[in-house]
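Trainee: Enclosed is the structure file start33.txt (compact mmCIF, C-alpha atoms and all ligand atoms).
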# COMPACT_ATOMS: atom_id res chain seq x y z
CA MET A 199 214.35 115.92 164.04
CA ASN A 200 215.34 119.60 164.41
CA GLY A 201 212.29 120.76 162.48
CA SER A 202 213.30 118.97 159.29
CA GLU A 203 211.75 115.93 157.62
CA GLN A 204 215.11 114.80 156.30
CA THR A 205 216.90 112.21 158.40
CA VAL A 206 220.55 112.74 159.31
CA LEU A 207 221.57 109.87 157.00
CA GLU A 208 219.69 111.48 154.12
CA LYS A 209 221.27 114.84 154.84
CA LEU A 210 224.73 113.27 154.67
CA HIS A 211 223.82 111.07 151.64
CA LYS A 212 224.55 107.90 153.55
CA SER A 213 222.82 104.54 153.90
CA GLY A 214 224.57 103.40 157.05
CA ILE A 215 227.04 104.32 159.76
CA THR A 216 230.69 103.27 159.76
CA ALA A 217 232.94 102.61 162.73
CA THR A 218 235.10 105.48 161.46
CA ASP A 219 232.08 107.81 161.63
CA ILE A 220 231.53 106.89 165.26
CA ALA A 221 235.25 107.29 166.03
CA THR A 222 235.38 110.71 164.36
CA GLN A 223 232.40 111.81 166.45
CA PHE A 224 234.68 111.42 169.46
CA TRP A 225 237.36 113.59 167.84
CA CYS A 226 235.01 116.27 166.60
CA GLU A 227 231.45 115.43 165.65
CA LYS A 228 231.02 118.66 163.76
CA GLN A 229 234.09 117.89 161.64
CA MET A 230 232.68 114.44 160.86
CA GLU A 231 229.45 116.01 159.62
CA LEU A 232 231.22 118.73 157.61
CA ASN A 233 233.40 116.08 155.96
CA TYR A 234 230.26 114.54 154.46
CA LEU A 235 228.63 117.85 153.59
CA TYR A 236 231.67 119.41 151.89
CA LYS A 237 233.86 116.39 150.98
CA PRO A 238 237.21 118.18 151.09
CA ALA A 239 240.13 116.69 149.16
CA PRO A 240 242.30 114.34 151.26
CA THR A 241 245.37 115.93 152.83
CA LYS A 242 248.91 114.75 152.01
CA ALA A 243 249.09 113.08 155.45
CA MET A 244 245.87 111.18 154.75
CA GLU A 245 247.17 110.03 151.36
CA LYS A 246 250.44 108.87 152.92
CA GLY A 247 248.51 107.01 155.63
CA ALA A 248 246.34 105.31 152.99
CA ARG A 249 249.44 104.20 151.04
CA MET A 250 250.96 102.72 154.21
CA HIS A 251 247.77 100.80 154.90
CA GLU A 252 247.85 99.43 151.35
CA ALA A 253 251.45 98.29 151.80
CA TRP A 254 250.61 96.46 155.05
CA GLN A 255 247.56 94.94 153.45
CA ALA A 256 249.60 93.63 150.51
CA LYS A 257 251.68 91.50 152.91
CA VAL A 258 248.97 89.05 153.97
CA TYR A 259 245.94 89.77 151.88
CA VAL A 260 244.79 87.92 148.77
CA PRO A 261 242.42 90.10 146.78
CA LEU A 262 239.99 88.58 144.35
CA THR A 263 241.25 89.74 140.96
CA VAL A 264 238.13 88.88 138.97
CA GLU A 265 236.58 92.12 137.73
CA THR A 266 233.26 93.11 139.30
CA ARG A 267 230.46 94.52 137.12
CA THR A 268 227.54 95.01 139.46
CA TYR A 269 226.77 95.85 143.09
CA SER A 270 226.04 92.15 143.70
CA ASP A 271 229.47 91.25 142.31
CA VAL A 272 231.07 93.75 144.72
CA LEU A 273 229.16 92.25 147.65
CA PHE A 274 230.32 88.79 146.63
CA LYS A 275 233.93 89.99 146.42
CA ILE A 276 233.75 91.37 149.97
CA ALA A 277 232.48 88.07 151.37
CA TYR A 278 235.01 86.05 149.41
CA GLU A 279 237.90 88.24 150.57
CA ASN A 280 236.67 88.11 154.17
CA TYR A 281 236.57 84.34 153.90
CA THR A 282 240.15 84.18 152.62
CA THR A 283 241.27 86.60 155.37
CA LEU A 284 239.81 84.21 157.96
CA GLN A 285 241.61 81.30 156.29
CA LYS A 286 244.87 83.28 156.50
CA LEU A 287 244.19 83.89 160.15
CA LYS A 288 244.02 80.13 160.68
CA SER A 289 247.00 79.19 158.54
CA GLU A 290 249.37 82.13 159.18
CA LYS A 291 247.97 83.42 162.47
CA VAL A 292 247.38 86.83 160.94
CA GLY A 293 244.70 88.21 158.65
CA ARG A 294 244.22 91.78 157.43
CA GLU A 295 241.31 93.94 156.31
CA LEU A 296 238.20 92.19 157.53
CA MET A 297 234.92 93.88 156.72
CA ILE A 298 232.58 93.72 159.66
CA TYR A 299 228.84 94.36 159.85
CA GLY A 300 226.24 94.95 162.47
CA SER A 301 223.21 96.96 163.42
CA MET A 302 222.24 99.33 166.17
CA ASN A 303 218.78 100.79 166.85
CA GLY A 304 217.78 99.76 163.33
CA TYR A 305 220.77 101.51 161.71
CA ARG A 306 223.18 99.49 159.63
CA PHE A 307 226.77 99.52 160.79
CA SER A 308 229.95 98.54 158.97
CA GLY A 309 233.66 98.83 159.45
CA LYS A 310 236.98 97.39 158.41
CA ILE A 311 239.23 95.78 160.99
CA ASP A 312 242.89 96.39 160.13
CA GLU A 313 244.33 93.21 161.52
CA LEU A 314 243.45 90.02 163.39
CA ARG A 315 246.08 87.96 165.15
CA LEU A 316 245.78 84.46 166.53
CA LYS A 317 247.72 83.85 169.73
CA ASP A 318 247.19 81.25 172.48
CA ASN A 319 243.99 80.21 170.72
CA LYS A 320 242.53 83.70 171.08
CA VAL A 321 241.87 86.25 168.37
CA PHE A 322 243.29 89.74 168.94
CA ILE A 323 241.98 92.80 167.13
CA VAL A 324 244.64 95.31 166.06
CA GLU A 325 244.03 98.82 164.77
CA ASP A 326 246.75 100.65 162.83
CA LYS A 327 247.10 104.40 163.00
CA THR A 328 249.67 106.51 161.22
CA VAL A 329 250.87 109.65 162.96
CA SER A 330 253.40 112.40 162.38
CA LYS A 331 254.19 112.46 166.06
CA PHE A 332 252.66 110.36 168.82
CA MET A 333 251.14 112.64 171.41
CA ASN A 334 251.45 110.79 174.64
CA SER A 335 249.69 113.53 176.48
CA GLY A 336 246.54 111.75 177.34
CA GLU A 337 243.01 110.95 176.47
CA PRO A 338 241.99 113.47 173.79
CA HIS A 339 244.61 112.07 171.40
CA THR A 340 243.62 108.43 171.69
CA ARG A 341 239.99 108.52 172.82
CA HIS A 342 238.46 108.23 169.32
CA HIS A 343 240.78 105.33 168.42
CA ILE A 344 239.73 103.51 171.58
CA VAL A 345 236.05 103.98 170.70
CA GLN A 346 236.72 102.62 167.21
CA ILE A 347 238.50 99.44 168.31
CA MET A 348 235.94 98.78 171.06
CA LEU A 349 233.21 99.09 168.45
CA TYR A 350 234.96 96.49 166.27
CA ARG A 351 235.18 94.20 169.26
CA LYS A 352 231.49 94.69 169.97
CA MET A 353 230.45 94.09 166.34
CA PHE A 354 232.57 90.95 166.05
CA GLY A 355 231.27 89.76 169.44
CA ASP A 356 227.70 90.27 168.25
CA ILE A 357 228.41 88.10 165.20
CA LYS A 358 230.07 85.39 167.27
CA ASP A 359 227.16 85.42 169.73
CA LYS A 360 224.70 85.25 166.79
CA LEU A 361 223.11 88.55 167.78
CA TYR A 362 223.91 89.65 164.22
CA SER A 363 223.75 86.80 161.76
CA TYR A 364 223.56 85.91 158.10
CA GLU A 365 219.76 86.31 158.31
CA ASN A 366 220.05 89.93 159.53
CA PHE A 367 222.60 90.76 156.87
CA SER A 368 220.69 89.05 154.09
CA LYS A 369 217.54 91.00 154.89
CA VAL A 370 219.24 94.41 155.01
CA TYR A 371 221.40 93.87 151.91
CA LYS A 372 218.62 92.02 150.05
CA LEU A 373 220.72 89.00 149.17
CA LYS A 374 217.83 86.68 148.27
CA GLY A 375 217.23 86.71 144.56
CA SER A 376 220.32 88.83 143.82
CA VAL A 377 222.24 87.51 140.86
CA LEU A 378 225.87 87.89 139.92
CA SER A 379 226.79 89.12 136.45
CA ASP A 380 227.54 86.42 133.85
CA GLU A 381 231.06 87.79 133.24
CA PHE A 382 231.85 87.73 136.96
CA VAL A 383 230.57 84.16 137.35
CA LYS A 384 232.67 83.13 134.36
CA GLY A 385 235.73 84.73 135.98
CA LEU A 386 235.04 82.98 139.30
CA ARG A 387 234.75 79.61 137.53
CA SER A 388 238.03 80.28 135.74
CA ILE A 389 239.85 80.61 139.09
CA GLY A 390 238.34 77.33 140.24
CA LEU A 391 235.34 78.30 142.35
CA LYS A 392 232.77 75.53 142.47
CA ASP A 393 229.20 76.21 141.33
CA GLU A 394 227.80 75.59 144.83
CA TYR A 395 229.59 78.76 146.06
CA LEU A 396 228.62 81.00 143.17
CA SER A 397 225.81 82.90 144.84
CA LEU A 398 225.68 85.71 147.37
CA GLU A 399 223.66 83.53 149.71
CA SER A 400 226.14 80.67 149.80
CA MET A 401 229.19 82.93 150.05
CA TYR A 402 227.74 85.02 152.89
CA LYS A 403 226.49 81.95 154.76
CA MET A 404 230.01 80.58 154.58
CA MET A 405 231.53 83.90 155.66
CA PHE A 406 229.23 84.25 158.68
CA SER A 407 229.76 80.67 159.79
CA GLU A 408 233.55 81.18 159.58
CA MET A 409 233.27 84.36 161.63
CA GLN A 410 231.19 82.58 164.26
CA ALA A 411 233.66 79.71 164.37
CA ILE A 412 236.84 81.65 165.06
CA PRO A 413 238.39 81.08 168.50
CA GLU A 414 237.46 83.31 171.42
CA LEU A 415 237.94 87.05 170.90
CA SER A 416 240.45 88.59 173.25
CA ASP A 417 239.34 91.50 175.43
CA ASP A 418 242.79 93.04 175.01
CA LEU A 419 242.62 95.40 172.06
CA GLU A 420 245.77 96.73 170.46
CA ILE A 421 246.26 100.12 168.81
CA ARG A 422 249.53 100.43 166.93
CA TYR A 423 250.86 103.89 166.08
CA THR A 424 253.30 104.12 163.18
CA ASP A 425 255.37 107.14 162.23
CA ARG A 426 254.28 108.31 158.80
CA ARG A 427 257.78 109.48 157.88
CA ASN A 428 259.82 106.34 158.57
CA SER A 429 257.20 103.58 159.06
CA GLU A 430 258.49 102.81 162.55
CA THR A 431 256.12 101.77 165.32
CA VAL A 432 256.19 104.62 167.81
CA ALA A 433 253.64 103.32 170.30
CA ASP A 434 251.63 100.22 170.92
CA ILE A 435 248.82 100.58 173.39
CA THR A 436 246.57 97.88 174.71
CA VAL A 437 243.12 98.75 175.97
CA ARG A 438 240.76 96.46 177.78
CA TYR A 439 237.34 95.93 176.21
CA ASP A 440 234.74 97.68 178.33
CA VAL A 441 231.13 96.84 177.41
CA ALA A 442 229.66 99.50 179.69
CA ALA A 443 231.90 102.20 178.21
CA ILE A 444 231.17 101.40 174.56
CA THR A 445 227.44 101.07 175.30
CA LYS A 446 227.46 104.54 176.86
CA ASP A 447 229.50 106.04 174.00
CA LEU A 448 227.20 104.51 171.40
CA ALA A 449 224.11 105.82 173.19
CA TYR A 450 225.61 109.31 173.02
CA ALA A 451 226.69 108.95 169.36
CA MET A 452 223.27 107.66 168.30
CA GLN A 453 221.55 110.77 169.65
CA TYR A 454 223.16 112.61 166.74
CA TRP A 455 222.17 110.02 164.11
CA ARG A 456 218.60 109.98 165.35
CA GLY A 457 218.47 113.76 164.93
CA GLU A 458 217.98 114.38 168.64
CA ARG A 459 220.77 116.94 168.76
CA ASP A 460 222.99 118.89 166.36
CA ALA A 461 226.59 117.89 165.68
CA ALA A 462 228.72 119.00 168.61
CA PRO A 463 231.92 121.02 168.07
CA VAL A 464 234.94 120.35 170.26
CA ILE A 465 234.84 121.58 173.82
CA GLU A 466 236.86 124.67 174.70
CA SER A 467 239.70 122.78 176.38
CA GLU A 468 240.21 120.87 173.11
CA LYS A 469 240.07 123.79 170.72
CA TRP A 470 243.71 123.05 169.75
CA LYS A 471 242.08 120.50 167.43
CA CYS A 472 240.64 123.38 165.36
CA LYS A 473 243.88 124.90 164.11
CA PRO A 474 244.71 122.08 161.66
CA CYS A 475 241.00 121.54 160.79
CA LYS A 476 240.18 122.40 157.19
CA PHE A 477 236.85 123.90 158.21
CA PHE A 478 238.30 126.27 160.81
CA GLY A 479 237.26 129.80 159.99
CA ASN A 480 235.39 128.58 156.90
CA GLN A 481 232.35 126.41 157.45
CA CYS A 482 233.00 126.33 161.20
CA LYS A 483 233.54 129.46 163.24
CA VAL A 484 232.76 128.07 166.70
CA TRP A 485 236.25 128.84 168.06
CA TRP A 486 237.30 131.30 165.36
CA ILE A 487 238.26 134.68 166.73
CA GLY A 488 239.21 136.75 163.75
CA GLY A 489 239.91 136.91 160.09
S1 LIG B 501 236.98 123.99 163.54
FE1 LIG B 501 237.09 122.85 165.47
S2 LIG B 501 234.97 122.64 166.19
FE2 LIG B 501 234.91 123.25 164.03
S3 LIG B 501 234.77 121.34 162.90
FE3 LIG B 501 236.92 121.83 163.02
S4 LIG B 501 237.70 120.80 164.86
FE4 LIG B 501 235.47 120.84 164.98
Spit out the file's structure as structure tokens when you get a sec.
Mentor:
Amino acid sequence: MNGSEQTVLEKLHKSGITATDIATQFWCEKQMELNYLYKPAPTKAMEKGARMHEAWQAKVYVPLTVETRTYSDVLFKIAYENYTTLQKLKSEKVGRELMIYGSMNGYRFSGKIDELRLKDNKVFIVEDKTVSKFMNSGEPHTRHHIVQIMLYRKMFGDIKDKLYSYENFSKVYKLKGSVLSDEFVKGLRSIGLKDEYLSLESMYKMMFSEMQAIPELSDDLEIRYTDRRNSETVADITVRYDVAAITKDLAYAMQYWRGERDAAPVIESEKWKCKPCKFFGNQCKVWWIGG
């Protein structure tokens, strides 16, 4: 553990790993780590991207409007909204913003799938990315997005194959015995939820069984690039799910989380990534050649 007793998760003040963390490792692992250590303010481009995601989400997503008071309430809301997203997928053939969970080497994993589409009785995973200009110049520009969508496919596949189930989730998130706040329960009753569903256990059991019951997951994964300035789709790429590739990438990524190696900066041929990086010349001087 690099001579320190602190785990990497502790150092970064995290309890689990997200799919975005893993993806960012394949852009620049050092940048991913520095983001947690220094928490820089979001850039204008990031804020614009977040607003576009919200607008897309608003089209087919029904949020639970009852106010949450406790961590258990928030967990319930996530499961309820996932459940409604899966219902939308069935009724309208599209569902957005599905939280997904899993575990790897004893680490908890989570992520949020942008979109699911139902076509020819298969479920397609879609990942939305906003860009200022689509760089069609090859792997370094899309590699991390491919890792991210393959990871979603793997996590969803694990749930469908019951390799990660309600029982795993319940144990890690300590669902048994958790109670919802009285105000939240009152709010849920007021929107018509029956008493039998008013517990974390029943809601998550229902969510997991819905996730297991969706039609077959497609191995064609779609990444949709949208221009941040005019909201037009500038590229749509389809990648084929590759179990061997994602297994290899995860094995490499986990070396960092297990503390077996330090965060890696970009390689020299990709040092063009450094110029727009907020840490360049500040907290990171790997490719910095002057003041
Ligand atoms: S300056 Fe370059 S190597 Fe350093 S964190 Fe940023 S992108 Fe990575």
Trainee: Write out as a list in words each polymer residue whose atoms come within 10 Å of A:Glu381, counting only C-alpha atoms; drop sequence neighbours fewer than 4 positions from it.
Mentor: Val264, Glu265, Thr266, Arg267, Asp271, Gly385, Leu386 and Arg387 of chain A
Trainee: Generate the output file for the selected residues, C-alpha atoms, as an mmCIF file, in the frame of the given file.
Mentor:
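What follows is the written file result-v6.cif:
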data_model
loop_
_atom_site.group_PDB
_atom_site.id
_atom_site.type_symbol
_atom_site.label_atom_id
_atom_site.label_comp_id
_atom_site.auth_asym_id
_atom_site.auth_seq_id
_atom_site.Cartn_x
_atom_site.Cartn_y
_atom_site.Cartn_z
ATOM 1 C CA VAL A 264 238.130 88.880 138.970
ATOM 2 C CA GLU A 265 236.580 92.120 137.730
ATOM 3 C CA THR A 266 233.260 93.110 139.300
ATOM 4 C CA ARG A 267 230.460 94.520 137.120
ATOM 5 C CA ASP A 271 229.470 91.250 142.310
ATOM 6 C CA GLY A 385 235.730 84.730 135.980
ATOM 7 C CA LEU A 386 235.040 82.980 139.300
ATOM 8 C CA ARG A 387 234.750 79.610 137.530
#
Trainee: Between A:Leu207, A:Ala449, A:Met244, A:Met302, which residue has the minimum interatomic distance to A:Asp356, considering all atoms listed in the file?
Mentor: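 Nearest candidate to A:Asp356 out of A:Leu207, A:Ala449, A:Met244, A:Met302: A:Met302.
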Trainee: Extract, using all atoms listed in the file, all DNA, RNA and protein residues at most 8 Å from A:Gln346, discarding same-chain residues fewer than 2 positions from it, and format them as a ChimeraX atom specification.
Mentor: /A:217-218,220-221,342-344,348-350
Trainee: Looking at all atoms listed in the file, which of A:Lys369, A:Lys228, A:Arg422, A:Lys374 is the one that sits closest to ligand LIG 501 (chain B)?
Mentor: A:Lys228
Trainee: Would you pick out the contacts of A:Phe382 at 12 Å or less, using only C-alpha atoms, so that residues sharing its chain but fewer than 2 positions from it are not included, and give the list as a PDB file with C-alpha atoms, in the frame of the given file?
Mentor:
ATOM      1  CA  LEU A 262     239.990  88.580 144.350  1.00  0.00           C
ATOM      2  CA  THR A 263     241.250  89.740 140.960  1.00  0.00           C
ATOM      3  CA  VAL A 264     238.130  88.880 138.970  1.00  0.00           C
ATOM      4  CA  GLU A 265     236.580  92.120 137.730  1.00  0.00           C
ATOM      5  CA  THR A 266     233.260  93.110 139.300  1.00  0.00           C
ATOM      6  CA  ARG A 267     230.460  94.520 137.120  1.00  0.00           C
ATOM      7  CA  THR A 268     227.540  95.010 139.460  1.00  0.00           C
ATOM      8  CA  TYR A 269     226.770  95.850 143.090  1.00  0.00           C
ATOM      9  CA  SER A 270     226.040  92.150 143.700  1.00  0.00           C
ATOM     10  CA  ASP A 271     229.470  91.250 142.310  1.00  0.00           C
ATOM     11  CA  VAL A 272     231.070  93.750 144.720  1.00  0.00           C
ATOM     12  CA  LEU A 273     229.160  92.250 147.650  1.00  0.00           C
ATOM     13  CA  PHE A 274     230.320  88.790 146.630  1.00  0.00           C
ATOM     14  CA  LYS A 275     233.930  89.990 146.420  1.00  0.00           C
ATOM     15  CA  VAL A 377     222.240  87.510 140.860  1.00  0.00           C
ATOM     16  CA  LEU A 378     225.870  87.890 139.920  1.00  0.00           C
ATOM     17  CA  SER A 379     226.790  89.120 136.450  1.00  0.00           C
ATOM     18  CA  ASP A 380     227.540  86.420 133.850  1.00  0.00           C
ATOM     19  CA  LYS A 384     232.670  83.130 134.360  1.00  0.00           C
ATOM     20  CA  GLY A 385     235.730  84.730 135.980  1.00  0.00           C
ATOM     21  CA  LEU A 386     235.040  82.980 139.300  1.00  0.00           C
ATOM     22  CA  ARG A 387     234.750  79.610 137.530  1.00  0.00           C
ATOM     23  CA  SER A 388     238.030  80.280 135.740  1.00  0.00           C
ATOM     24  CA  ILE A 389     239.850  80.610 139.090  1.00  0.00           C
ATOM     25  CA  LEU A 391     235.340  78.300 142.350  1.00  0.00           C
ATOM     26  CA  LEU A 396     228.620  81.000 143.170  1.00  0.00           C
ATOM     27  CA  SER A 397     225.810  82.900 144.840  1.00  0.00           C
TER      28      SER A 397
END
Trainee: Return as a count of residues only the residues of protein, DNA or RNA that approach ligand LIG 501 (chain B) to within 8 Å, with all atoms listed in the file taken into account.
Mentor: 28
Trainee: Which is closer to A:Val432 than all the others in A:Glu399, A:Asp326, A:Glu279, A:Glu466, using all atoms listed in the file?
Mentor: A:Asp326
